[in-house]
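Structure data (mmCIF, C-alpha atoms and all ligand atoms) from work.cif:
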```cif
data_target
loop_
_atom_site.group_PDB
_atom_site.id
_atom_site.type_symbol
_atom_site.label_atom_id
_atom_site.label_comp_id
_atom_site.auth_asym_id
_atom_site.auth_seq_id
_atom_site.Cartn_x
_atom_site.Cartn_y
_atom_site.Cartn_z
ATOM 1 C CA MET Z 355 -266.212 -115.837 91.196
ATOM 2 C CA LYS Z 356 -264.558 -116.911 94.391
ATOM 3 C CA THR Z 357 -266.393 -119.531 96.418
ATOM 4 C CA GLU Z 358 -265.086 -120.770 99.710
ATOM 5 C CA THR Z 359 -266.269 -123.845 101.495
ATOM 6 C CA ALA Z 360 -265.994 -124.351 105.223
ATOM 7 C CA SER Z 361 -267.245 -126.876 107.674
ATOM 8 C CA ALA Z 362 -268.813 -125.340 110.747
ATOM 9 C CA THR Z 363 -268.254 -127.300 113.891
ATOM 10 C CA LEU Z 364 -271.288 -127.396 116.107
ATOM 11 C CA ALA Z 365 -269.293 -127.796 119.282
ATOM 12 C CA GLY Z 366 -267.051 -124.872 118.406
ATOM 13 C CA THR Z 367 -263.317 -124.472 118.331
ATOM 14 C CA SER Z 368 -260.990 -121.561 118.828
ATOM 15 C CA SER Z 369 -259.736 -121.767 115.259
ATOM 16 C CA GLY Z 370 -262.859 -122.346 113.167
ATOM 17 C CA PRO Z 371 -266.514 -121.491 112.861
ATOM 18 C CA ARG Z 372 -268.398 -121.951 116.110
ATOM 19 C CA SER Z 373 -271.914 -121.884 117.458
ATOM 20 C CA THR Z 374 -273.765 -120.296 120.358
ATOM 21 C CA ALA Z 375 -275.710 -123.216 121.749
ATOM 22 C CA ASP Z 376 -273.187 -125.944 122.457
ATOM 23 C CA GLU Z 377 -275.620 -127.855 124.689
ATOM 24 C CA THR Z 378 -278.144 -127.976 121.871
ATOM 25 C CA SER Z 379 -275.427 -129.012 119.457
ATOM 26 C CA ARG Z 380 -274.593 -132.108 121.455
ATOM 27 C CA SER Z 381 -278.166 -133.306 121.037
ATOM 28 C CA GLY Z 382 -277.857 -133.050 117.253
ATOM 29 C CA ALA Z 383 -280.207 -130.071 116.909
ATOM 30 C CA LEU Z 384 -279.061 -126.917 115.196
ATOM 31 C CA PRO Z 385 -277.560 -124.187 117.381
ATOM 32 C CA ASP Z 386 -279.194 -120.751 117.590
ATOM 33 C CA SER Z 387 -276.437 -119.136 115.561
ATOM 34 C CA ILE Z 388 -273.143 -119.991 114.014
ATOM 35 C CA CYS Z 389 -270.030 -117.959 113.261
ATOM 36 C CA VAL Z 390 -268.746 -118.355 109.728
ATOM 37 C CA GLY Z 391 -265.563 -116.340 110.174
ATOM 38 C CA ALA Z 392 -264.289 -112.817 109.779
ATOM 39 C CA ALA Z 393 -266.264 -110.533 107.495
ATOM 40 C CA ALA Z 394 -262.966 -109.245 106.096
ATOM 41 C CA ASP Z 395 -262.241 -112.712 104.708
ATOM 42 C CA ILE Z 396 -265.195 -112.540 102.310
ATOM 43 C CA PRO Z 397 -264.566 -109.696 99.859
ATOM 44 C CA GLU Z 398 -267.298 -107.759 98.111
ATOM 45 C CA GLY Z 399 -268.819 -110.053 95.501
ATOM 46 C CA GLY Z 400 -267.536 -113.105 97.371
ATOM 47 C CA ARG Z 401 -269.281 -115.916 99.151
ATOM 48 C CA ARG Z 402 -268.611 -118.713 101.586
ATOM 49 C CA ILE Z 403 -270.446 -122.011 101.837
ATOM 50 C CA VAL Z 404 -270.577 -123.617 105.263
ATOM 51 C CA ALA Z 405 -271.821 -126.979 106.456
ATOM 52 C CA VAL Z 406 -273.921 -126.830 109.616
ATOM 53 C CA GLY Z 407 -274.674 -130.358 110.677
ATOM 54 C CA LYS Z 408 -276.497 -131.921 107.732
ATOM 55 C CA ILE Z 409 -277.372 -128.677 105.994
ATOM 56 C CA SER Z 410 -275.338 -126.327 103.844
ATOM 57 C CA ILE Z 411 -275.692 -122.537 103.825
ATOM 58 C CA GLY Z 412 -274.204 -119.925 101.503
ATOM 59 C CA VAL Z 413 -273.185 -116.491 102.815
ATOM 60 C CA PHE Z 414 -272.831 -113.682 100.273
ATOM 61 C CA ASN Z 415 -271.308 -110.213 100.372
ATOM 62 C CA VAL Z 416 -273.089 -108.005 97.849
ATOM 63 C CA GLY Z 417 -271.993 -104.393 98.040
ATOM 64 C CA GLY Z 418 -271.360 -104.581 101.769
ATOM 65 C CA ARG Z 419 -274.705 -106.244 102.537
ATOM 66 C CA TRP Z 420 -274.739 -109.789 103.797
ATOM 67 C CA TYR Z 421 -277.138 -112.537 102.799
ATOM 68 C CA ALA Z 422 -277.409 -116.153 103.818
ATOM 69 C CA LEU Z 423 -279.571 -118.849 102.335
ATOM 70 C CA ARG Z 424 -279.881 -122.583 102.206
ATOM 71 C CA ASN Z 425 -277.615 -124.191 99.653
ATOM 72 C CA PHE Z 426 -280.359 -126.364 98.195
ATOM 73 C CA CYS Z 427 -282.454 -125.728 95.102
ATOM 74 C CA PRO Z 428 -286.129 -126.737 95.498
ATOM 75 C CA HIS Z 429 -286.205 -127.962 91.897
ATOM 76 C CA TRP Z 430 -283.852 -130.954 91.789
ATOM 77 C CA GLY Z 431 -281.633 -130.252 94.762
ATOM 78 C CA ALA Z 432 -278.594 -128.607 93.185
ATOM 79 C CA GLU Z 433 -276.148 -126.656 95.306
ATOM 80 C CA LEU Z 434 -277.917 -123.385 94.624
ATOM 81 C CA CYS Z 435 -275.284 -121.213 96.319
ATOM 82 C CA ARG Z 436 -272.692 -122.197 93.727
ATOM 83 C CA GLY Z 437 -274.758 -120.421 91.082
ATOM 84 C CA ARG Z 438 -274.116 -117.127 89.361
ATOM 85 C CA LEU Z 439 -275.270 -113.805 90.820
ATOM 86 C CA THR Z 440 -277.203 -111.669 88.380
ATOM 87 C CA GLY Z 441 -280.157 -109.245 88.232
ATOM 88 C CA THR Z 442 -283.598 -109.298 86.676
ATOM 89 C CA ASN Z 443 -285.986 -107.123 84.706
ATOM 90 C CA ALA Z 444 -287.986 -104.729 86.865
ATOM 91 C CA PRO Z 445 -291.450 -103.404 85.892
ATOM 92 C CA ALA Z 446 -291.258 -100.689 83.263
ATOM 93 C CA ALA Z 447 -293.507 -97.690 82.702
ATOM 94 C CA ARG Z 448 -293.939 -98.256 78.960
ATOM 95 C CA THR Z 449 -294.173 -101.154 76.562
ATOM 96 C CA GLY Z 450 -290.786 -101.961 75.060
ATOM 97 C CA GLU Z 451 -288.934 -100.370 77.957
ATOM 98 C CA TYR Z 452 -286.691 -102.594 80.073
ATOM 99 C CA ASN Z 453 -285.232 -101.818 83.475
ATOM 100 C CA TRP Z 454 -282.503 -104.033 84.819
ATOM 101 C CA GLY Z 455 -282.941 -104.295 88.585
ATOM 102 C CA GLN Z 456 -281.915 -106.168 91.734
ATOM 103 C CA VAL Z 457 -278.401 -106.243 90.296
ATOM 104 C CA GLY Z 458 -276.188 -108.827 91.990
ATOM 105 C CA THR Z 459 -278.925 -110.081 94.308
ATOM 106 C CA ILE Z 460 -280.537 -112.683 92.074
ATOM 107 C CA LEU Z 461 -278.992 -116.139 92.393
ATOM 108 C CA ARG Z 462 -279.278 -118.422 89.373
ATOM 109 C CA CYS Z 463 -279.200 -122.152 90.011
ATOM 110 C CA PRO Z 464 -276.243 -123.767 88.224
ATOM 111 C CA TRP Z 465 -278.289 -126.748 86.992
ATOM 112 C CA HIS Z 466 -281.407 -125.428 85.231
ATOM 113 C CA GLY Z 467 -281.317 -121.688 85.797
ATOM 114 C CA TRP Z 468 -284.141 -121.115 88.256
ATOM 115 C CA GLU Z 469 -283.535 -117.721 89.847
ATOM 116 C CA PHE Z 470 -284.024 -116.681 93.483
ATOM 117 C CA SER Z 471 -283.799 -113.410 95.368
ATOM 118 C CA LEU Z 472 -281.004 -113.363 97.937
ATOM 119 C CA GLU Z 473 -283.116 -110.970 99.994
ATOM 120 C CA SER Z 474 -286.336 -112.965 100.242
ATOM 121 C CA GLY Z 475 -285.338 -116.404 98.987
ATOM 122 C CA ARG Z 476 -288.337 -116.308 96.649
ATOM 123 C CA ALA Z 477 -288.141 -117.537 93.048
ATOM 124 C CA VAL Z 478 -288.285 -114.776 90.453
ATOM 125 C CA PHE Z 479 -290.805 -116.626 88.299
ATOM 126 C CA ASP Z 480 -293.099 -117.791 91.110
ATOM 127 C CA GLU Z 481 -293.023 -116.197 94.552
ATOM 128 C CA ARG Z 482 -294.700 -119.247 96.084
ATOM 129 C CA LEU Z 483 -291.389 -121.076 95.679
ATOM 130 C CA LYS Z 484 -288.930 -120.131 98.365
ATOM 131 C CA VAL Z 485 -285.487 -121.055 99.624
ATOM 132 C CA ARG Z 486 -284.836 -120.631 103.356
ATOM 133 C CA THR Z 487 -282.973 -117.432 104.188
ATOM 134 C CA TYR Z 488 -281.239 -116.481 107.426
ATOM 135 C CA PRO Z 489 -280.360 -113.151 109.038
ATOM 136 C CA VAL Z 490 -276.658 -112.379 109.160
ATOM 137 C CA THR Z 491 -275.274 -110.298 111.999
ATOM 138 C CA LEU Z 492 -271.858 -108.744 112.377
ATOM 139 C CA ARG Z 493 -270.312 -109.008 115.853
ATOM 140 C CA ASP Z 494 -266.841 -107.621 116.399
ATOM 141 C CA GLY Z 495 -265.945 -108.181 112.781
ATOM 142 C CA GLU Z 496 -267.273 -111.746 112.708
ATOM 143 C CA LEU Z 497 -270.245 -112.941 110.663
ATOM 144 C CA TRP Z 498 -272.942 -114.916 112.450
ATOM 145 C CA ILE Z 499 -275.842 -116.705 110.815
ATOM 146 C CA GLU Z 500 -278.971 -116.694 112.965
ATOM 147 C CA LEU Z 501 -280.322 -120.175 112.353
ATOM 148 C CA ARG Z 502 -283.565 -119.828 114.304
ATOM 149 C CA SER Z 503 -284.715 -116.545 112.742
ATOM 150 C CA LYS Z 504 -286.150 -115.862 109.315
ATOM 151 C CA GLY Z 505 -284.516 -114.110 106.428
ATOM 152 C CA GLY Z 506 -283.123 -110.789 105.392
ATOM 153 C CA ALA Z 507 -279.876 -109.051 104.740
ATOM 154 C CA GLN Z 508 -277.704 -107.241 107.234
ATOM 155 C CA GLU Z 509 -275.490 -104.303 106.508
ATOM 156 C CA THR Z 510 -271.986 -104.154 107.815
ATOM 157 C CA GLU Z 511 -271.044 -102.037 110.833
HETATM 158 S S1 LIG Z 601 -281.928 -128.016 90.349
HETATM 159 FE FE1 LIG Z 601 -282.016 -125.864 90.475
HETATM 160 S S2 LIG Z 601 -283.080 -125.253 88.718
HETATM 161 FE FE2 LIG Z 601 -283.047 -127.415 88.623
#
```
For the structure just supplied, provide its representation as structure tokens.
Amino acid sequence: MKTETASATLAGTSSGPRSTADETSRSGALPDSICVGAAADIPEGGRRIVAVGKISIGVFNVGGRWYALRNFCPHWGAELCRGRLTGTNAPAARTGEYNWGQVGTILRCPWHGWEFSLESGRAVFDERLKVRTYPVTLRDGELWIELRSKGGAQETE
């Protein structure tokens, strides 16, 4: 598993991650969106963890779909996005039958194993528990996290 870590500058630079709302950034509030780099730099199965002000967000490439979620486990606060990607059992038609589903889109916390859907941010064992997710958009080959919008994955161009 390859995990990259980057620090996203809120004021923006020509060489690193940058944001859309520089005026907002100066006040300490989060920008509307932030660029985390070229999509080509995160291979399929890869991820990048970026710091945006005081928060940390993980961006994942799973089969050409992009997901972003807060790098904070609601249990004891582990860096959730450093966990292993796996799947989970899906409902089966008959007793004793098992269907492995959501392959590669379930994130297991590295500390105690709580599992969350990359798509919804919801815990597998209790959907009332949720980690913040963010839409990811692809603009001219660059990945942008929409910080003011809720959830969901985005396919590549
Ligand atoms: S801190 Fe994530 S499961 Fe405990």
Atomic separation - CA of Lys408 (chain Z) relative to CA of Ala383 (chain Z), Å: 10.1 Å
Residues within 7 Å of ligand LIG 601 (chain Z), counting only C-alpha atoms and all ligand atoms: report them as number ranges by chain. Z: 427-432, 434, 463-468
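The result of the PyMOL selection byres (((chain Z and resi 422) around 7) and not hetatm) on the shown file is Z:Ile411, Z:Gly412, Z:Val413, Z:Phe414, Z:Trp420, Z:Tyr421, Z:Leu423, Z:Thr487, Z:Tyr488, Z:Pro489, Z:Val490.
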Include C-alpha atoms and write out the residues we just selected as an mmCIF file, in the frame of the given file.
```cif
data_model
loop_
_atom_site.group_PDB
_atom_site.id
_atom_site.type_symbol
_atom_site.label_atom_id
_atom_site.label_comp_id
_atom_site.auth_asym_id
_atom_site.auth_seq_id
_atom_site.Cartn_x
_atom_site.Cartn_y
_atom_site.Cartn_z
ATOM 1 C CA ILE Z 411 -275.692 -122.537 103.825
ATOM 2 C CA GLY Z 412 -274.204 -119.925 101.503
ATOM 3 C CA VAL Z 413 -273.185 -116.491 102.815
ATOM 4 C CA PHE Z 414 -272.831 -113.682 100.273
ATOM 5 C CA TRP Z 420 -274.739 -109.789 103.797
ATOM 6 C CA TYR Z 421 -277.138 -112.537 102.799
ATOM 7 C CA LEU Z 423 -279.571 -118.849 102.335
ATOM 8 C CA THR Z 487 -282.973 -117.432 104.188
ATOM 9 C CA TYR Z 488 -281.239 -116.481 107.426
ATOM 10 C CA PRO Z 489 -280.360 -113.151 109.038
ATOM 11 C CA VAL Z 490 -276.658 -112.379 109.160
#
```
Leu501 (chain Z): which residues within 8 Å, counting all atoms listed in the file, same-chain residues fewer than 5 positions away excluded, as a list in words? Leu384, Pro385, Asp386, Ser387, Ile388, Tyr488 and Pro489 of chain Z
Answer key for the PyMOL selection byres (((chain Z and resi 437) around 8) and not hetatm), residues as a PyMOL selection string: chain Z and resi 433-436+438-439+461-464
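For the atom pair formed by CA of Val390 (chain Z) and CA of Asn415 (chain Z), the distance is 12.7 Å, given to one decimal.
Our summary of the geometry notes that CA of Gly441 (chain Z) is positioned 5.0 Å from CA of Gln456 (chain Z).
Here the PyMOL selection byres (((chain Z and resi 474) around 10) and not hetatm) captures the residues Tyr421, Leu423, Thr459, Phe470, Ser471, Leu472, Glu473, Gly475, Arg476, Ala477, Glu481, Lys484, Val485, Arg486, Thr487, Tyr488, Lys504, Gly505, Gly506 and Ala507 of chain Z.
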Report the centre and edge lengths, in Å to one decimal, of an axis-aligned box enclosing every atom of region 418-433 of chain Z listed in the file, padded by 6 Å on each side, as JSON.
```
{"center_x": -278.8, "center_y": -117.8, "center_z": 97.8, "size_x": 26.8, "size_y": 38.4, "size_z": 24.0}
```
Residues near Thr442 (chain Z), anyone? I mean within 8 Å using only C-alpha atoms, not counting same-chain ones fewer than 6 positions away, as a PDB file with C-alpha atoms, keeping the file's coordinate frame.
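Result written to selection.pdb:
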```pdb
ATOM      1  CA  TRP Z 454    -282.503-104.033  84.819  1.00  0.00           C
ATOM      2  CA  GLY Z 455    -282.941-104.295  88.585  1.00  0.00           C
ATOM      3  CA  GLN Z 456    -281.915-106.168  91.734  1.00  0.00           C
ATOM      4  CA  VAL Z 457    -278.401-106.243  90.296  1.00  0.00           C
ATOM      5  CA  ILE Z 460    -280.537-112.683  92.074  1.00  0.00           C
TER       6      ILE Z 460
END
```
Nearby residues (all atoms listed in the file) at most 9 Å from Ile409 (chain Z), same-chain spacing under 3 positions excluded, as number ranges by chain: Z: 404-406, 424-426
